[in-house]
$ cat upload_15.pdb   # PDB, C-alpha atoms, pLDDT in the B column
ATOM      1  CA  MET A   5      -0.468  -1.262 -10.777  1.00 80.00           C
ATOM      2  CA  SER A   6       0.122   0.172  -7.318  1.00 85.00           C
ATOM      3  CA  PRO A   7      -0.805  -1.537  -4.046  1.00 89.00           C
ATOM      4  CA  ARG A   8      -3.772  -0.301  -2.008  1.00 92.00           C
ATOM      5  CA  VAL A   9      -2.553   1.492   1.099  1.00 96.00           C
ATOM      6  CA  GLU A  10      -4.444   2.675   4.133  1.00 97.00           C
ATOM      7  CA  LEU A  11      -2.817   5.069   6.603  1.00 98.00           C
ATOM      8  CA  VAL A  12      -3.890   4.832  10.235  1.00 98.00           C
ATOM      9  CA  LEU A  13      -3.081   8.175  11.846  1.00 98.00           C
ATOM     10  CA  PRO A  14      -2.251   8.668  15.554  1.00 97.00           C
ATOM     11  CA  ASP A  15      -5.826   9.821  16.281  1.00 96.00           C
ATOM     12  CA  GLY A  16      -7.188   6.546  14.839  1.00 97.00           C
ATOM     13  CA  SER A  17      -8.518   8.058  11.622  1.00 97.00           C
ATOM     14  CA  ARG A  18      -7.919   6.130   8.406  1.00 97.00           C
ATOM     15  CA  ILE A  19      -7.051   7.495   4.985  1.00 97.00           C
ATOM     16  CA  SER A  20      -6.829   5.568   1.713  1.00 96.00           C
ATOM     17  CA  ALA A  21      -3.648   6.688   0.014  1.00 95.00           C
ATOM     18  CA  ALA A  22      -2.291   6.783  -3.528  1.00 93.00           C
ATOM     19  CA  GLY A  23       0.736   8.426  -5.129  1.00 96.00           C
ATOM     20  CA  ASP A  24       2.861  10.611  -2.846  1.00 97.00           C
ATOM     21  CA  VAL A  25       1.440  11.442   0.584  1.00 98.00           C
ATOM     22  CA  GLU A  26       3.109  14.176   2.612  1.00 98.00           C
ATOM     23  CA  MET A  27       3.205  13.702   6.365  1.00 98.00           C
ATOM     24  CA  GLY A  28       3.597  16.616   8.773  1.00 98.00           C
ATOM     25  CA  ARG A  29       1.919  19.351  10.805  1.00 97.00           C
ATOM     26  CA  ASP A  30       1.397  21.620   7.776  1.00 97.00           C
ATOM     27  CA  VAL A  31       0.740  19.592   4.632  1.00 97.00           C
ATOM     28  CA  GLY A  32      -1.885  19.764   1.898  1.00 95.00           C
ATOM     29  CA  ASP A  33      -4.231  17.206   3.463  1.00 97.00           C
ATOM     30  CA  GLY A  34      -5.864  18.874   6.467  1.00 97.00           C
ATOM     31  CA  ARG A  35      -6.781  15.512   8.011  1.00 97.00           C
ATOM     32  CA  ILE A  36      -3.110  14.600   8.253  1.00 98.00           C
ATOM     33  CA  SER A  37      -2.089  18.024   9.562  1.00 98.00           C
ATOM     34  CA  ALA A  38      -4.825  17.938  12.212  1.00 98.00           C
ATOM     35  CA  ALA A  39      -3.879  14.432  13.387  1.00 98.00           C
ATOM     36  CA  LEU A  40      -0.207  15.418  13.734  1.00 98.00           C
ATOM     37  CA  SER A  41      -0.578  18.996  15.009  1.00 96.00           C
ATOM     38  CA  GLY A  42      -0.254  18.047  18.684  1.00 95.00           C
ATOM     39  CA  PHE A  43       3.157  16.401  18.297  1.00 97.00           C
ATOM     40  CA  ASP A  44       6.077  18.796  18.930  1.00 93.00           C
ATOM     41  CA  GLY A  45       8.583  16.411  17.365  1.00 96.00           C
ATOM     42  CA  VAL A  46       6.787  16.393  14.004  1.00 98.00           C
ATOM     43  CA  SER A  47       8.085  18.900  11.467  1.00 98.00           C
ATOM     44  CA  ARG A  48       5.751  20.979   9.302  1.00 97.00           C
ATOM     45  CA  ARG A  49       6.765  18.806   6.334  1.00 98.00           C
ATOM     46  CA  HIS A  50       8.250  15.699   7.918  1.00 98.00           C
ATOM     47  CA  ALA A  51       8.165  12.706   5.537  1.00 98.00           C
ATOM     48  CA  VAL A  52       6.710  11.409   2.279  1.00 98.00           C
ATOM     49  CA  ILE A  53       5.083   8.029   1.741  1.00 98.00           C
ATOM     50  CA  SER A  54       5.230   7.063  -1.943  1.00 98.00           C
ATOM     51  CA  ILE A  55       2.909   4.416  -3.342  1.00 97.00           C
ATOM     52  CA  ARG A  56       4.274   3.166  -6.648  1.00 96.00           C
ATOM     53  CA  ALA A  57       4.064   0.128  -8.887  1.00 94.00           C
ATOM     54  CA  ASP A  58       7.297  -1.206  -7.349  1.00 94.00           C
ATOM     55  CA  GLY A  59       5.986  -0.931  -3.782  1.00 95.00           C
ATOM     56  CA  VAL A  60       5.570   1.481  -0.900  1.00 97.00           C
ATOM     57  CA  TRP A  61       8.490   3.719   0.013  1.00 98.00           C
ATOM     58  CA  VAL A  62       9.149   6.102   2.916  1.00 98.00           C
ATOM     59  CA  ARG A  63      11.536   9.043   2.824  1.00 98.00           C
ATOM     60  CA  ASP A  64      12.438  11.756   5.266  1.00 98.00           C
ATOM     61  CA  ALA A  65      11.672  15.268   4.017  1.00 97.00           C
ATOM     62  CA  GLY A  66      14.425  17.014   5.970  1.00 96.00           C
ATOM     63  CA  SER A  67      12.737  16.682   9.353  1.00 97.00           C
ATOM     64  CA  THR A  68      14.372  17.829  12.562  1.00 96.00           C
ATOM     65  CA  ASN A  69      13.647  14.695  14.623  1.00 97.00           C
ATOM     66  CA  GLY A  70      13.958  11.949  12.027  1.00 98.00           C
ATOM     67  CA  THR A  71      11.695   9.417  10.346  1.00 98.00           C
ATOM     68  CA  PHE A  72      11.650   5.739  11.315  1.00 98.00           C
ATOM     69  CA  LEU A  73      10.350   2.715   9.423  1.00 98.00           C
ATOM     70  CA  ASP A  74       9.528  -0.137  11.795  1.00 98.00           C
ATOM     71  CA  GLY A  75      11.857   1.442  14.361  1.00 97.00           C
ATOM     72  CA  ARG A  76      14.836   1.893  12.019  1.00 97.00           C
ATOM     73  CA  PRO A  77      15.985   5.352  10.918  1.00 98.00           C
ATOM     74  CA  VAL A  78      15.190   6.299   7.327  1.00 97.00           C
ATOM     75  CA  ARG A  79      18.344   7.926   5.984  1.00 90.00           C
ATOM     76  CA  THR A  80      17.293   8.360   2.344  1.00 88.00           C
ATOM     77  CA  GLU A  81      14.390   6.278   1.071  1.00 96.00           C
ATOM     78  CA  SER A  82      13.343   2.904   2.466  1.00 98.00           C
ATOM     79  CA  ARG A  83      11.046   0.291   0.945  1.00 97.00           C
ATOM     80  CA  VAL A  84       8.277  -1.123   3.116  1.00 97.00           C
ATOM     81  CA  ALA A  85       8.476  -4.901   3.466  1.00 95.00           C
ATOM     82  CA  GLY A  86       5.310  -6.867   4.129  1.00 93.00           C
ATOM     83  CA  ARG A  87       1.698  -5.803   4.504  1.00 95.00           C
ATOM     84  CA  HIS A  88       1.959  -3.853   7.757  1.00 97.00           C
ATOM     85  CA  ALA A  89       4.474  -1.222   8.824  1.00 98.00           C
ATOM     86  CA  THR A  90       4.860   1.648  11.239  1.00 98.00           C
ATOM     87  CA  VAL A  91       6.274   5.029  10.328  1.00 98.00           C
ATOM     88  CA  GLY A  92       7.590   7.042  13.247  1.00 98.00           C
ATOM     89  CA  LEU A  93       7.613  10.784  12.804  1.00 98.00           C
ATOM     90  CA  GLY A  94      10.032  11.863  15.488  1.00 96.00           C
ATOM     91  CA  ARG A  95       9.880   9.610  18.526  1.00 91.00           C
ATOM     92  CA  ARG A  96       6.207   9.824  19.481  1.00 95.00           C
ATOM     93  CA  ALA A  97       3.932  10.125  16.433  1.00 98.00           C
ATOM     94  CA  ILE A  98       3.246   6.766  14.781  1.00 98.00           C
ATOM     95  CA  VAL A  99       1.442   6.245  11.477  1.00 98.00           C
ATOM     96  CA  SER A 100       0.533   2.652  10.645  1.00 98.00           C
ATOM     97  CA  LEU A 101       0.466   1.422   7.057  1.00 98.00           C
ATOM     98  CA  VAL A 102      -1.844  -1.375   5.954  1.00 97.00           C
ATOM     99  CA  ILE A 103      -0.943  -2.571   2.471  1.00 96.00           C
ATOM    100  CA  GLY A 104      -3.447  -4.541   0.422  1.00 91.00           C
ATOM    101  CA  ASP A 105      -3.572  -6.089  -3.026  1.00 81.00           C
ATOM    102  CA  GLU A 106      -2.951  -4.063  -6.145  1.00 69.00           C
ATOM    103  CA  ARG A 107      -5.635  -1.729  -7.426  1.00 56.00           C
TER     104      ARG A 107
END
$ encode --input "upload_15.pdb" --output "structure tokens"
Amino acid sequence: MSPRVELVLPDGSRISAAGDVEMGRDVGDGRISAALSGFDGVSRRHAVISIRADGVWVRDAGSTNGTFLDGRPVRTESRVAGRHATVGLGRRAIVSLVIGDER
């Protein structure tokens, strides 16, 4: 079973997440795109947050300004440790992750 994950976007909105969630200014979920549209340093398709049975993972999707997990650059794919984390998309847009018990 996968953990329950809630994304807290820069505008304060919250989204319950499952599976792969694309982050960027032009992704399938309009709520995410809208919350990130005002950030120049965020690529159209910036990063992917994957929620799997073995945990929560963050990977860069070929962004221009980099992806950061708790302040550290994500070079390939990084596993989230603990129940709270921050994902930096570029240097200014921050998405918080709140990880709960398995669903």
$ atom_distance --input "upload_15.pdb" --atom1 "atom CA of A:Gly70" --atom2 "atom CA of A:Gly94"
5.2 Å
$ resolve_selection --input "upload_15.pdb" --expression "the PyMOL selection byres ((chain A and resi 104) around 7)" --output "MDAnalysis selection string"
chainID A and resid 7:9 87 102:103 105:106
$ residues_around --input "upload_15.pdb" --residues "A:Leu93" --least-positions-apart "6" --cutoff "12 Å" --atoms "all atoms listed in the file" --output "number ranges by chain"
A: 13-14, 26-29, 40-41, 43-53, 62-78, 99-100
$ atom_distance --input "upload_15.pdb" --atom1 "atom CA of A:Gly32" --atom2 "atom CA of A:Ala85"
26.8 Å
$ closest_residue --input "upload_15.pdb" --among "A:Ala57, A:Asp15, A:Ser82, A:Val91" --to "A:Ala38" --atoms "all atoms listed in the file"
A:Asp15
$ atom_distance --input "upload_15.pdb" --atom1 "atom CA of A:Thr80" --atom2 "atom CA of A:Ser54"
12.9 Å
$ resolve_selection --input "upload_15.pdb" --expression "the PyMOL selection byres ((chain A and resi 55) around 6)" --output "MDAnalysis selection string"
chainID A and resid 22:23 54 56 60
$ closest_residue --input "upload_15.pdb" --among "A:Asp30, A:Asp24, A:Val84, A:Leu101" --to "A:Glu10" --atoms "all atoms listed in the file"
A:Leu101
$ closest_residue --input "upload_15.pdb" --among "A:Thr90, A:Arg83, A:Arg35, A:Ser6" --to "A:Arg18" --atoms "only C-alpha atoms"
A:Arg35
$ closest_residue --input "upload_15.pdb" --among "A:Gly42, A:Arg95, A:Trp61, A:Val25" --to "A:Leu11" --atoms "all atoms listed in the file"
A:Val25
$ build_atoms --input "upload_15.pdb" --residues "stretch 8-24 of chain A" --atoms "N, CA and C atoms" --output "short mmCIF file (atom, residue, chain, number, x, y, z; two decimals), in the coordinates of the input"
data_model
loop_
_atom_site.label_atom_id
_atom_site.label_comp_id
_atom_site.auth_asym_id
_atom_site.auth_seq_id
_atom_site.Cartn_x
_atom_site.Cartn_y
_atom_site.Cartn_z
N ARG A 8 -2.83 -1.11 -2.79
CA ARG A 8 -3.77 -0.30 -2.01
C ARG A 8 -3.14 -0.07 -0.65
N VAL A 9 -3.17 1.17 -0.19
CA VAL A 9 -2.55 1.49 1.10
C VAL A 9 -3.53 2.31 1.93
N GLU A 10 -3.65 1.92 3.18
CA GLU A 10 -4.44 2.68 4.13
C GLU A 10 -3.51 3.17 5.23
N LEU A 11 -3.59 4.47 5.52
CA LEU A 11 -2.82 5.07 6.60
C LEU A 11 -3.70 5.13 7.83
N VAL A 12 -3.18 4.70 8.96
CA VAL A 12 -3.89 4.83 10.24
C VAL A 12 -3.12 5.88 11.03
N LEU A 13 -3.73 7.05 11.19
CA LEU A 13 -3.08 8.18 11.85
C LEU A 13 -3.12 8.03 13.37
N PRO A 14 -2.30 8.80 14.09
CA PRO A 14 -2.25 8.67 15.55
C PRO A 14 -3.59 8.86 16.26
N ASP A 15 -4.51 9.61 15.66
CA ASP A 15 -5.83 9.82 16.28
C ASP A 15 -6.81 8.70 15.94
N GLY A 16 -6.34 7.68 15.20
CA GLY A 16 -7.19 6.55 14.84
C GLY A 16 -7.91 6.69 13.51
N SER A 17 -7.85 7.88 12.92
CA SER A 17 -8.52 8.06 11.62
C SER A 17 -7.75 7.31 10.54
N ARG A 18 -8.49 6.92 9.49
CA ARG A 18 -7.92 6.13 8.41
C ARG A 18 -8.09 6.88 7.09
N ILE A 19 -7.04 6.82 6.28
CA ILE A 19 -7.05 7.50 4.99
C ILE A 19 -6.56 6.52 3.93
N SER A 20 -7.31 6.35 2.85
CA SER A 20 -6.83 5.57 1.71
C SER A 20 -5.85 6.45 0.95
N ALA A 21 -4.71 5.89 0.61
CA ALA A 21 -3.65 6.69 0.01
C ALA A 21 -3.25 6.17 -1.36
N ALA A 22 -2.81 7.10 -2.20
CA ALA A 22 -2.29 6.78 -3.53
C ALA A 22 -1.24 7.83 -3.87
N GLY A 23 -0.29 7.47 -4.71
CA GLY A 23 0.74 8.43 -5.13
C GLY A 23 1.65 8.81 -3.98
N ASP A 24 2.03 10.09 -3.93
CA ASP A 24 2.86 10.61 -2.85
C ASP A 24 1.98 11.25 -1.79
#
